[in-house]
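Asks: The following file, my_file-v7.cif, comprises mmCIF, C-alpha atoms and all ligand atoms:
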```
data_entry
#
loop_
_atom_site.group_PDB
_atom_site.id
_atom_site.type_symbol
_atom_site.label_atom_id
_atom_site.label_comp_id
_atom_site.auth_asym_id
_atom_site.auth_seq_id
_atom_site.Cartn_x
_atom_site.Cartn_y
_atom_site.Cartn_z
ATOM 1 C CA MET E 1 0.000 0.000 0.000
ATOM 2 C CA ARG E 2 1.386 3.393 -0.977
ATOM 3 C CA LYS E 3 1.578 5.876 1.875
ATOM 4 C CA ALA E 4 -0.590 8.939 1.330
ATOM 5 C CA LEU E 5 1.250 12.146 0.481
ATOM 6 C CA VAL E 6 -0.103 15.661 0.820
ATOM 7 C CA ALA E 7 1.988 18.495 -0.599
ATOM 8 C CA GLY E 8 1.304 22.189 -0.069
ATOM 9 C CA ASN E 9 2.331 24.442 -2.952
ATOM 10 C CA TRP E 10 2.422 27.919 -1.463
ATOM 11 C CA LYS E 11 3.176 29.484 -4.870
ATOM 12 C CA MET E 12 4.330 33.128 -4.528
ATOM 13 C CA ASN E 13 2.740 33.636 -1.110
ATOM 14 C CA GLY E 14 4.112 34.077 2.378
ATOM 15 C CA ARG E 15 5.922 36.414 4.749
ATOM 16 C CA VAL E 16 8.119 35.514 7.689
ATOM 17 C CA ALA E 17 5.505 35.999 10.420
ATOM 18 C CA ARG E 18 2.737 34.254 8.464
ATOM 19 C CA ASN E 19 4.964 31.308 7.514
ATOM 20 C CA ASP E 20 5.929 30.842 11.119
ATOM 21 C CA GLU E 21 2.328 30.695 12.241
ATOM 22 C CA LEU E 22 1.211 28.454 9.382
ATOM 23 C CA VAL E 23 3.937 25.860 9.842
ATOM 24 C CA THR E 24 3.612 25.895 13.621
ATOM 25 C CA ASP E 25 -0.147 25.337 13.360
ATOM 26 C CA VAL E 26 0.214 22.586 10.736
ATOM 27 C CA LEU E 27 2.788 20.752 12.852
ATOM 28 C CA ALA E 28 0.648 21.011 15.989
ATOM 29 C CA GLY E 29 -2.420 19.796 14.100
ATOM 30 C CA LEU E 30 -0.595 16.825 12.578
ATOM 31 C CA VAL E 31 0.589 15.748 16.017
ATOM 32 C CA GLU E 32 -2.823 16.294 17.599
ATOM 33 C CA ARG E 33 -4.542 14.222 14.915
ATOM 34 C CA GLY E 34 -1.912 11.475 15.083
ATOM 35 C CA LEU E 35 -1.131 11.979 11.388
ATOM 36 C CA MET E 36 2.591 12.615 11.590
ATOM 37 C CA ASP E 37 3.570 8.998 10.895
ATOM 38 C CA ARG E 38 0.521 8.098 8.855
ATOM 39 C CA VAL E 39 0.693 10.646 6.037
ATOM 40 C CA ASP E 40 3.760 12.092 4.326
ATOM 41 C CA VAL E 41 3.387 15.859 4.354
ATOM 42 C CA MET E 42 5.509 18.290 2.348
ATOM 43 C CA VAL E 43 5.409 22.039 1.942
ATOM 44 C CA PHE E 44 6.838 23.996 -0.969
ATOM 45 C CA PRO E 45 7.420 27.599 0.168
ATOM 46 C CA PRO E 46 9.013 30.300 -1.979
ATOM 47 C CA SER E 47 12.741 29.529 -2.049
ATOM 48 C CA VAL E 48 13.755 32.453 0.163
ATOM 49 C CA TYR E 49 11.723 30.923 3.003
ATOM 50 C CA ILE E 50 12.974 27.347 2.714
ATOM 51 C CA GLY E 51 15.531 27.863 5.481
ATOM 52 C CA GLN E 52 12.939 29.453 7.725
ATOM 53 C CA VAL E 53 10.448 26.623 7.233
ATOM 54 C CA LYS E 54 13.187 24.024 7.771
ATOM 55 C CA ALA E 55 14.068 25.701 11.064
ATOM 56 C CA VAL E 56 10.466 25.804 12.284
ATOM 57 C CA ALA E 57 9.951 22.161 11.232
ATOM 58 C CA ARG E 58 13.218 20.933 12.748
ATOM 59 C CA GLY E 59 12.894 17.540 14.408
ATOM 60 C CA SER E 60 9.558 16.798 12.709
ATOM 61 C CA ALA E 61 8.740 14.608 9.721
ATOM 62 C CA LEU E 62 7.468 17.600 7.708
ATOM 63 C CA ALA E 63 9.435 17.669 4.468
ATOM 64 C CA VAL E 64 10.306 20.868 2.643
ATOM 65 C CA GLY E 65 10.677 21.253 -1.105
ATOM 66 C CA ALA E 66 11.244 23.936 -3.725
ATOM 67 C CA GLN E 67 8.809 25.095 -6.385
ATOM 68 C CA ASN E 68 11.369 25.067 -9.169
ATOM 69 C CA LEU E 69 15.023 24.437 -9.939
ATOM 70 C CA CYS E 70 17.480 25.229 -12.708
ATOM 71 C CA GLU E 71 18.383 22.331 -14.977
ATOM 72 C CA PHE E 72 22.065 23.339 -14.927
ATOM 73 C CA ASP E 73 24.735 22.965 -12.287
ATOM 74 C CA ASP E 74 26.185 26.017 -10.524
ATOM 75 C CA GLY E 75 27.491 28.690 -12.860
ATOM 76 C CA ALA E 76 26.584 31.854 -14.731
ATOM 77 C CA TYR E 77 22.769 31.604 -14.501
ATOM 78 C CA THR E 78 21.675 34.814 -12.792
ATOM 79 C CA GLY E 79 18.606 34.402 -10.645
ATOM 80 C CA GLU E 80 18.487 30.621 -10.788
ATOM 81 C CA LEU E 81 18.921 27.930 -8.119
ATOM 82 C CA SER E 82 20.706 24.647 -8.737
ATOM 83 C CA ALA E 83 19.723 21.248 -7.399
ATOM 84 C CA GLY E 84 22.807 21.262 -5.186
ATOM 85 C CA MET E 85 21.706 24.550 -3.605
ATOM 86 C CA LEU E 86 18.269 23.122 -2.878
ATOM 87 C CA ILE E 87 19.839 20.092 -1.209
ATOM 88 C CA ASP E 88 22.088 22.428 0.747
ATOM 89 C CA SER E 89 19.112 24.404 2.035
ATOM 90 C CA GLY E 90 17.427 21.238 3.267
ATOM 91 C CA CYS E 91 15.014 20.413 0.441
ATOM 92 C CA SER E 92 14.152 16.816 -0.239
ATOM 93 C CA ALA E 93 11.793 17.408 -3.160
ATOM 94 C CA VAL E 94 11.086 19.850 -5.978
ATOM 95 C CA LEU E 95 8.026 20.654 -8.093
ATOM 96 C CA ILE E 96 8.770 20.309 -11.788
ATOM 97 C CA GLY E 97 6.559 21.210 -14.734
ATOM 98 C CA HIS E 98 3.816 22.990 -12.831
ATOM 99 C CA SER E 99 1.392 24.398 -15.400
ATOM 100 C CA GLU E 100 2.082 27.967 -14.246
ATOM 101 C CA ARG E 101 5.748 27.449 -15.089
ATOM 102 C CA ARG E 102 4.926 25.684 -18.346
ATOM 103 C CA ALA E 103 2.594 28.531 -19.377
ATOM 104 C CA MET E 104 4.489 31.574 -18.076
ATOM 105 C CA PHE E 105 8.161 30.693 -17.659
ATOM 106 C CA GLY E 106 9.107 28.595 -20.645
ATOM 107 C CA ASP E 107 9.182 25.172 -19.030
ATOM 108 C CA SER E 108 8.855 23.120 -22.205
ATOM 109 C CA ASP E 109 8.693 19.331 -22.147
ATOM 110 C CA GLN E 110 12.425 19.291 -22.943
ATOM 111 C CA ARG E 111 13.294 21.627 -20.106
ATOM 112 C CA VAL E 112 11.057 19.679 -17.742
ATOM 113 C CA ALA E 113 12.952 16.501 -18.666
ATOM 114 C CA ALA E 114 16.291 18.225 -18.023
ATOM 115 C CA LYS E 115 15.048 19.467 -14.646
ATOM 116 C CA VAL E 116 13.844 15.994 -13.690
ATOM 117 C CA GLY E 117 17.288 14.633 -14.567
ATOM 118 C CA ALA E 118 19.058 17.336 -12.536
ATOM 119 C CA ALA E 119 16.814 16.755 -9.522
ATOM 120 C CA LEU E 120 17.329 12.992 -9.562
ATOM 121 C CA ALA E 121 21.083 13.309 -9.983
ATOM 122 C CA ALA E 122 21.222 15.480 -6.847
ATOM 123 C CA GLY E 123 19.008 13.177 -4.800
ATOM 124 C CA LEU E 124 15.864 15.316 -4.829
ATOM 125 C CA THR E 125 12.417 13.764 -5.329
ATOM 126 C CA PRO E 126 10.870 15.314 -8.448
ATOM 127 C CA VAL E 127 7.145 15.990 -8.144
ATOM 128 C CA LEU E 128 6.352 15.948 -11.837
ATOM 129 C CA CYS E 129 3.197 17.918 -12.702
ATOM 130 C CA LEU E 130 1.095 16.984 -15.725
ATOM 131 C CA GLY E 131 -2.278 18.123 -16.970
ATOM 132 C CA GLU E 132 -4.435 19.179 -19.893
ATOM 133 C CA SER E 133 -6.015 22.525 -20.708
ATOM 134 C CA LEU E 134 -9.778 22.930 -21.001
ATOM 135 C CA GLU E 135 -9.542 23.043 -24.807
ATOM 136 C CA GLN E 136 -7.600 19.786 -24.801
ATOM 137 C CA ARG E 137 -10.139 18.132 -22.484
ATOM 138 C CA ASP E 138 -13.040 19.338 -24.609
ATOM 139 C CA ALA E 139 -11.290 17.965 -27.684
ATOM 140 C CA GLY E 140 -10.976 14.546 -26.030
ATOM 141 C CA GLU E 141 -7.198 14.831 -25.853
ATOM 142 C CA THR E 142 -6.679 14.505 -22.087
ATOM 143 C CA LEU E 143 -5.044 11.089 -22.039
ATOM 144 C CA SER E 144 -2.858 11.738 -25.068
ATOM 145 C CA VAL E 145 -1.688 15.077 -23.623
ATOM 146 C CA VAL E 146 -0.675 13.636 -20.252
ATOM 147 C CA SER E 147 0.922 10.636 -21.994
ATOM 148 C CA ALA E 148 3.055 12.942 -24.131
ATOM 149 C CA GLN E 149 4.068 15.023 -21.092
ATOM 150 C CA PHE E 150 4.947 11.878 -19.142
ATOM 151 C CA ASP E 151 6.883 10.273 -22.011
ATOM 152 C CA ALA E 152 8.910 13.431 -22.607
ATOM 153 C CA ALA E 153 9.760 13.813 -18.917
ATOM 154 C CA VAL E 154 10.927 10.219 -18.400
ATOM 155 C CA ALA E 155 12.753 9.791 -21.720
ATOM 156 C CA GLY E 156 16.263 8.725 -20.870
ATOM 157 C CA LEU E 157 15.531 7.727 -17.269
ATOM 158 C CA ASP E 158 16.098 4.199 -16.060
ATOM 159 C CA VAL E 159 13.592 2.181 -14.085
ATOM 160 C CA ALA E 160 15.263 2.985 -10.758
ATOM 161 C CA ASP E 161 14.953 6.713 -11.469
ATOM 162 C CA ILE E 162 11.336 6.482 -12.578
ATOM 163 C CA SER E 163 10.442 4.693 -9.353
ATOM 164 C CA ARG E 164 11.739 7.737 -7.416
ATOM 165 C CA LEU E 165 9.257 10.128 -9.025
ATOM 166 C CA VAL E 166 6.037 11.479 -7.609
ATOM 167 C CA LEU E 167 3.464 12.395 -10.270
ATOM 168 C CA ALA E 168 0.870 15.123 -9.843
ATOM 169 C CA TYR E 169 -2.080 15.211 -12.205
ATOM 170 C CA GLU E 170 -3.292 18.797 -12.306
ATOM 171 C CA PRO E 171 -5.847 19.703 -14.963
ATOM 172 C CA VAL E 172 -5.005 23.297 -15.909
ATOM 173 C CA TRP E 173 -8.698 24.267 -15.873
ATOM 174 C CA ALA E 174 -8.973 23.182 -12.228
ATOM 175 C CA ILE E 175 -5.999 25.104 -10.838
ATOM 176 C CA GLY E 176 -6.997 28.098 -8.765
ATOM 177 C CA THR E 177 -10.422 28.194 -10.416
ATOM 178 C CA GLY E 178 -12.546 26.599 -7.720
ATOM 179 C CA ARG E 179 -13.556 24.076 -10.359
ATOM 180 C CA THR E 180 -12.190 20.651 -9.477
ATOM 181 C CA ALA E 181 -12.147 17.486 -11.557
ATOM 182 C CA SER E 182 -14.776 15.043 -10.384
ATOM 183 C CA PRO E 183 -13.359 12.023 -8.547
ATOM 184 C CA GLU E 184 -14.226 9.909 -11.597
ATOM 185 C CA GLN E 185 -12.541 12.287 -14.056
ATOM 186 C CA ALA E 186 -9.419 12.346 -11.905
ATOM 187 C CA GLN E 187 -9.385 8.589 -11.336
ATOM 188 C CA GLU E 188 -9.569 7.951 -15.086
ATOM 189 C CA VAL E 189 -6.373 9.935 -15.658
ATOM 190 C CA HIS E 190 -4.634 8.495 -12.593
ATOM 191 C CA ALA E 191 -5.404 4.954 -13.752
ATOM 192 C CA HIS E 192 -3.997 5.858 -17.151
ATOM 193 C CA LEU E 193 -0.806 7.206 -15.575
ATOM 194 C CA ARG E 194 -0.562 4.017 -13.501
ATOM 195 C CA THR E 195 -0.705 2.024 -16.744
ATOM 196 C CA LEU E 196 2.094 4.135 -18.217
ATOM 197 C CA LEU E 197 4.176 3.463 -15.090
ATOM 198 C CA ALA E 198 3.450 -0.245 -15.411
ATOM 199 C CA GLY E 199 5.257 -0.114 -18.740
ATOM 200 C CA PHE E 200 8.414 0.109 -16.610
ATOM 201 C CA GLY E 201 7.436 -2.793 -14.376
ATOM 202 C CA ARG E 202 4.745 -3.687 -11.902
ATOM 203 C CA ASP E 203 6.935 -2.549 -8.977
ATOM 204 C CA VAL E 204 7.201 0.933 -10.449
ATOM 205 C CA ALA E 205 3.430 1.178 -10.904
ATOM 206 C CA GLU E 206 2.807 0.003 -7.370
ATOM 207 C CA ARG E 207 5.351 2.281 -5.820
ATOM 208 C CA VAL E 208 5.027 5.668 -7.521
ATOM 209 C CA ARG E 209 2.504 7.976 -5.877
ATOM 210 C CA ILE E 210 0.154 9.958 -8.087
ATOM 211 C CA LEU E 211 -1.268 13.111 -6.516
ATOM 212 C CA TYR E 212 -4.295 15.028 -7.710
ATOM 213 C CA GLY E 213 -4.125 18.819 -7.763
ATOM 214 C CA GLY E 214 -6.519 21.577 -8.767
ATOM 215 C CA SER E 215 -8.896 23.314 -6.341
ATOM 216 C CA VAL E 216 -8.655 20.577 -3.719
ATOM 217 C CA ASN E 217 -10.239 21.885 -0.527
ATOM 218 C CA ALA E 218 -11.481 20.697 2.846
ATOM 219 C CA ASP E 219 -14.857 19.756 1.360
ATOM 220 C CA ASN E 220 -13.892 17.828 -1.780
ATOM 221 C CA ALA E 221 -10.662 16.116 -0.671
ATOM 222 C CA ALA E 222 -12.241 13.013 0.859
ATOM 223 C CA ALA E 223 -14.121 11.953 -2.277
ATOM 224 C CA LEU E 224 -10.993 12.415 -4.408
ATOM 225 C CA PHE E 225 -8.721 10.493 -2.044
ATOM 226 C CA GLU E 226 -11.111 7.543 -1.897
ATOM 227 C CA GLN E 227 -10.277 6.787 -5.516
ATOM 228 C CA GLN E 228 -8.024 3.801 -5.961
ATOM 229 C CA ASP E 229 -5.223 5.524 -7.868
ATOM 230 C CA ILE E 230 -5.269 8.889 -6.085
ATOM 231 C CA ASP E 231 -2.520 8.714 -3.482
ATOM 232 C CA GLY E 232 -2.844 12.224 -2.101
ATOM 233 C CA GLY E 233 -2.943 15.804 -3.259
ATOM 234 C CA LEU E 234 -0.940 18.794 -4.422
ATOM 235 C CA ILE E 235 -2.701 21.648 -2.713
ATOM 236 C CA GLY E 236 -2.407 25.315 -3.659
ATOM 237 C CA GLY E 237 -4.775 27.840 -2.078
ATOM 238 C CA ALA E 238 -5.983 25.553 0.708
ATOM 239 C CA SER E 239 -2.413 24.849 1.834
ATOM 240 C CA LEU E 240 -2.179 28.438 3.079
ATOM 241 C CA LYS E 241 -4.829 27.819 5.729
ATOM 242 C CA ALA E 242 -3.681 25.428 8.443
ATOM 243 C CA LYS E 243 -7.193 24.327 9.329
ATOM 244 C CA ASP E 244 -8.115 23.399 5.754
ATOM 245 C CA PHE E 245 -4.745 21.811 5.030
ATOM 246 C CA LEU E 246 -5.111 19.611 8.117
ATOM 247 C CA VAL E 247 -8.584 18.448 7.067
ATOM 248 C CA ILE E 248 -7.071 17.522 3.693
ATOM 249 C CA CYS E 249 -4.234 15.584 5.399
ATOM 250 C CA GLN E 250 -6.816 13.773 7.493
ATOM 251 C CA ALA E 251 -8.843 12.935 4.372
ATOM 252 C CA ALA E 252 -5.726 11.491 2.725
ATOM 253 C CA ASP E 253 -5.209 9.188 5.685
ATOM 254 C CA THR E 254 -8.862 8.114 5.756
ATOM 255 C CA GLY E 255 -8.829 7.586 1.981
ATOM 256 C CA ARG E 256 -5.989 5.067 2.385
ATOM 257 C CA ASP E 257 -7.953 3.075 4.934
ATOM 258 C CA GLY E 258 -11.201 3.108 3.031
HETATM 259 P P1 LIG L 301 -5.022 25.187 -6.240
HETATM 260 O O1 LIG L 301 -3.559 24.970 -6.855
HETATM 261 O O2 LIG L 301 -5.218 24.130 -5.182
HETATM 262 O O3 LIG L 301 -5.011 26.571 -5.677
HETATM 263 O O4 LIG L 301 -5.995 25.010 -7.362
HETATM 264 C C1 LIG L 301 -3.023 23.694 -7.049
HETATM 265 C C2 LIG L 301 -1.658 23.804 -7.679
HETATM 266 O O5 LIG L 301 -1.463 24.695 -8.518
HETATM 267 O O6 LIG L 301 -0.748 23.024 -7.362
#
```
Let me see the structure of the file written as structure tokens.
Ligand code: PGA

Replies:
Amino acid sequence: MRKALVAGNWKMNGRVARNDELVTDVLAGLVERGLMDRVDVMVFPPSVYIGQVKAVARGSALAVGAQNLCEFDDGAYTGELSAGMLIDSGCSAVLIGHSERRAMFGDSDQRVAAKVGAALAAGLTPVLCLGESLEQRDAGETLSVVSAQFDAAVAGLDVADISRLVLAYEPVWAIGTGRTASPEQAQEVHAHLRTLLAGFGRDVAERVRILYGGSVNADNAAALFEQQDIDGGLIGGASLKAKDFLVICQAADTGRDG
């Protein structure tokens, strides 16, 4: 059984005082609900706050990741952060290929693949984000779009590397819109991704966690996490509110049992 994973993508939000309160409240809530060992929880703050969040979370199982990395090693890349720097600042994971980066910051399939390679080489867990636009869904292209994104990102990786990935299915039309995929719509894509993973061996398919992301909130999380191939969530807006994020973590744990 795959352990549930809930990841909070803070996006470009946060300030020192607010981060402190949020992480402190999340940690206290996880302990109070007995979830600390039952659900893997990660937060992805803006990079400048990674050290702060690591310090607040010290001694706990809360993992900290980055929202992006540069595909190159250290060098003349003004404004970028290398995988080695993320490791150095205490990250264990990194989001790669989020649709906001694909749409606004030039993260093409090729660049996403290079970033996945750089993350793996440094020992970071890549959380590889995939998802179709509304036009693509309406045109019946959802499965072919996520297949192409997946194939491009894993081209050149060996089976051992692929088994270290986390996938996050995030339909672009559901991100930040309040409009979530139905549990059935999400499950269909997750099952498809599981089949693609199985192409690299049954162990890989059984091991790799596939998160759903896109307007997950305290009310809809439980129904999503009950689906067989949904192993947790990548949470944007609701990860900024400790109370909601904790309900989502609880739902991920219950979804595993159910
Ligand atoms: P949202 O964002 O939960 O605010 O829709 C999810 C994401 O972009 O990862």

Asks: Once the PyMOL selection byres (((chain E and resi 181) around 12) and not hetatm) is applied to the coordinates I shared, what remains selected? I want it as JSON, numbers by chain.

Replies: {"E": [131, 132, 134, 137, 169, 170, 171, 172, 173, 174, 175, 177, 178, 179, 180, 182, 183, 184, 185, 186, 187, 188, 189, 190, 212, 213, 214, 215, 216, 220, 221, 223, 224]}

Asks: Restricting the calculation to all atoms listed in the file: of E:Leu196, E:Val6, E:Val41, E:Leu30, which residue gets closest to ligand LIG 301 (chain L)?

Replies: E:Val6

Asks: Env of stretch 96-108 of chain E: 9 Å cut, atoms = all atoms listed in the file, seq-sep filter 2 positions within chain, self excluded. Answer as a PyMOL selection string.

Replies: chain E and resi 67-69+94+110-113+115-116+126-131+168+170-172+175

Asks: Is it possible to get the residues within 8 Å of (15.3, 19.2, 2.0) (coordinates as in the file, counting all atoms listed in the file) written as a list of chain:residue names?

Replies: E:Lys54, E:Ala63, E:Val64, E:Gly65, E:Leu86, E:Ile87, E:Asp88, E:Ser89, E:Gly90, E:Cys91, E:Ser92, E:Ala93, E:Leu124

Asks: Which distance in Å separates atom CA of E:Gly79 and atom CA of E:Gly156, to one decimal?

Replies: 27.7 Å

Asks: Atom CA of E:Ala160 and atom CA of E:Asp203 are how many Å apart?

Replies: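 Rounded to one decimal, the two atoms are 10.2 Å apart.
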
Asks: Here is a test: counting all atoms listed in the file, which residue of E:Lys243, E:Lys11, E:Lys3, E:Arg164 is nearest to ligand LIG 301 (chain L)?

Replies: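 Using all atoms listed in the file, ligand LIG 301 (chain L) sits closest to E:Lys11.
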
Asks: Report the residues retrieved by the PyMOL selection byres (((chain E and resi 73) around 9) and not hetatm) from the displayed file, expressed as a list of chain:residue names.

Replies: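 So the PyMOL selection byres (((chain E and resi 73) around 9) and not hetatm) ends up selecting E:Cys70, E:Glu71, E:Phe72, E:Asp74, E:Gly75, E:Leu81, E:Ser82, E:Ala83, E:Gly84, E:Ala118.
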
Asks: Find the residue from E:Ala148, E:Gly123, E:Ala61, E:His192 that sits nearest to E:Asp109; use all atoms listed in the file when measuring.

Replies: E:Ala148

Asks: May I ask which of the residues E:Met12, E:Val159, E:Val204, E:Val48 is the closest one to ligand LIG 301 (chain L), counting all atoms listed in the file?

Replies: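 Ranked by minimum distance to ligand LIG 301 (chain L), first place goes to E:Met12.
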
Asks: Given the point (4.2, 30.4, 8.6) in the coordinates of this file, which residues lie within 12 Å, counting all atoms listed in the file, and how would they look as a PyMOL selection string?

Replies: chain E and resi 10+13-27+43-46+49-50+52-57+239-242

Asks: Leaving out E:Ala222 and any residue of its chain fewer than 3 positions from it, which residues lie within 7 Å of it when counting only C-alpha atoms, given as a list of chain:residue names?

Replies: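 Near neighbours after the sequence-gap exclusion: E:Phe225, E:Glu226, E:Ala251, E:Ala252, E:Gly255.
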
Asks: Give me, please, the distance in Å between atom CA of E:Arg2 and atom CA of E:Glu141, quoted to one decimal.

Replies: 28.7 Å

Asks: Find, counting only C-alpha atoms, the residue in E:Leu167, E:Gly237, E:Val154, E:Ala66 that gets nearest to E:Gly199.

Replies: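 Nearest candidate to E:Gly199 out of E:Leu167, E:Gly237, E:Val154, E:Ala66: E:Val154.
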
Asks: How would you write, as a PyMOL selection string, the residues chosen by the PyMOL selection byres (((chain E and resi 232) around 6) and not hetatm) on this structure?

Replies: chain E and resi 4-6+211+230-231+233+252

Asks: Write a file of the selected residues as a compact mmCIF listing (two decimals), keeping the file's coordinate frame, keeping C-alpha atoms.

Replies:
```txt
# COMPACT_ATOMS: atom_id res chain seq x y z
CA ALA E 4 -0.59 8.94 1.33
CA LEU E 5 1.25 12.15 0.48
CA VAL E 6 -0.10 15.66 0.82
CA LEU E 211 -1.27 13.11 -6.52
CA ILE E 230 -5.27 8.89 -6.08
CA ASP E 231 -2.52 8.71 -3.48
CA GLY E 233 -2.94 15.80 -3.26
CA ALA E 252 -5.73 11.49 2.72
```

Asks: E:Val39, E:Ala114, E:Leu143, E:Ala152: which is nearest E:Thr195, counting all atoms listed in the file?

Replies: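 Residue with the minimum atom-to-atom distance to E:Thr195: E:Leu143.
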
Asks: Box for stretch 37-49 of chain E - axis-aligned, 3 Å on each of the six sides, all listed atoms - centre and size in Å to one decimal, as lines of an AutoDock Vina configuration file.

Replies:
```
center_x = 7.1
center_y = 20.3
center_z = 4.4
size_x = 19.2
size_y = 30.4
size_z = 18.9
```

Asks: How would stretch 111-128 of chain E read, as a compact mmCIF listing (two decimals), in the frame of the given file, once N, CA, C and O atoms are built in?

Replies:
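rebuild29.txt written:
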```
# COMPACT_ATOMS: atom_id res chain seq x y z
N ARG E 111 12.70 21.04 -21.31
CA ARG E 111 13.29 21.63 -20.11
C ARG E 111 12.83 20.87 -18.86
O ARG E 111 13.60 20.66 -17.92
N VAL E 112 11.57 20.47 -18.87
CA VAL E 112 11.06 19.68 -17.74
C VAL E 112 11.88 18.39 -17.60
O VAL E 112 12.29 18.02 -16.50
N ALA E 113 12.16 17.74 -18.72
CA ALA E 113 12.95 16.50 -18.67
C ALA E 113 14.34 16.78 -18.10
O ALA E 113 14.86 16.01 -17.28
N ALA E 114 14.95 17.88 -18.52
CA ALA E 114 16.29 18.23 -18.02
C ALA E 114 16.25 18.51 -16.52
O ALA E 114 17.15 18.13 -15.77
N LYS E 115 15.18 19.17 -16.08
CA LYS E 115 15.05 19.47 -14.65
C LYS E 115 14.84 18.19 -13.84
O LYS E 115 15.38 18.05 -12.74
N VAL E 116 14.05 17.27 -14.39
CA VAL E 116 13.84 15.99 -13.69
C VAL E 116 15.19 15.28 -13.54
O VAL E 116 15.53 14.78 -12.46
N GLY E 117 15.97 15.28 -14.61
CA GLY E 117 17.29 14.63 -14.57
C GLY E 117 18.20 15.28 -13.53
O GLY E 117 18.88 14.59 -12.75
N ALA E 118 18.20 16.62 -13.49
CA ALA E 118 19.06 17.34 -12.54
C ALA E 118 18.62 17.06 -11.10
O ALA E 118 19.46 16.86 -10.21
N ALA E 119 17.32 17.01 -10.88
CA ALA E 119 16.81 16.76 -9.52
C ALA E 119 17.21 15.35 -9.07
O ALA E 119 17.73 15.16 -7.95
N LEU E 120 17.01 14.38 -9.93
CA LEU E 120 17.33 12.99 -9.56
C LEU E 120 18.82 12.82 -9.30
O LEU E 120 19.21 12.17 -8.33
N ALA E 121 19.63 13.45 -10.14
CA ALA E 121 21.08 13.31 -9.98
C ALA E 121 21.54 13.85 -8.63
O ALA E 121 22.50 13.37 -8.04
N ALA E 122 20.83 14.87 -8.13
CA ALA E 122 21.22 15.48 -6.85
C ALA E 122 20.61 14.77 -5.65
O ALA E 122 20.95 15.07 -4.51
N GLY E 123 19.65 13.88 -5.91
CA GLY E 123 19.01 13.18 -4.80
C GLY E 123 17.71 13.82 -4.34
O GLY E 123 17.21 13.49 -3.26
N LEU E 124 17.17 14.72 -5.15
CA LEU E 124 15.86 15.32 -4.83
C LEU E 124 14.75 14.45 -5.43
O LEU E 124 14.93 13.84 -6.48
N THR E 125 13.59 14.44 -4.77
CA THR E 125 12.42 13.76 -5.33
C THR E 125 11.70 14.74 -6.26
O THR E 125 11.19 15.76 -5.80
N PRO E 126 11.63 14.42 -7.56
CA PRO E 126 10.87 15.31 -8.45
C PRO E 126 9.37 15.05 -8.30
O PRO E 126 8.94 13.90 -8.33
N VAL E 127 8.61 16.10 -8.10
CA VAL E 127 7.14 15.99 -8.14
C VAL E 127 6.76 16.53 -9.51
O VAL E 127 6.72 17.74 -9.74
N LEU E 128 6.54 15.61 -10.43
CA LEU E 128 6.35 15.95 -11.84
C LEU E 128 4.88 16.24 -12.11
O LEU E 128 4.03 15.36 -11.95
```
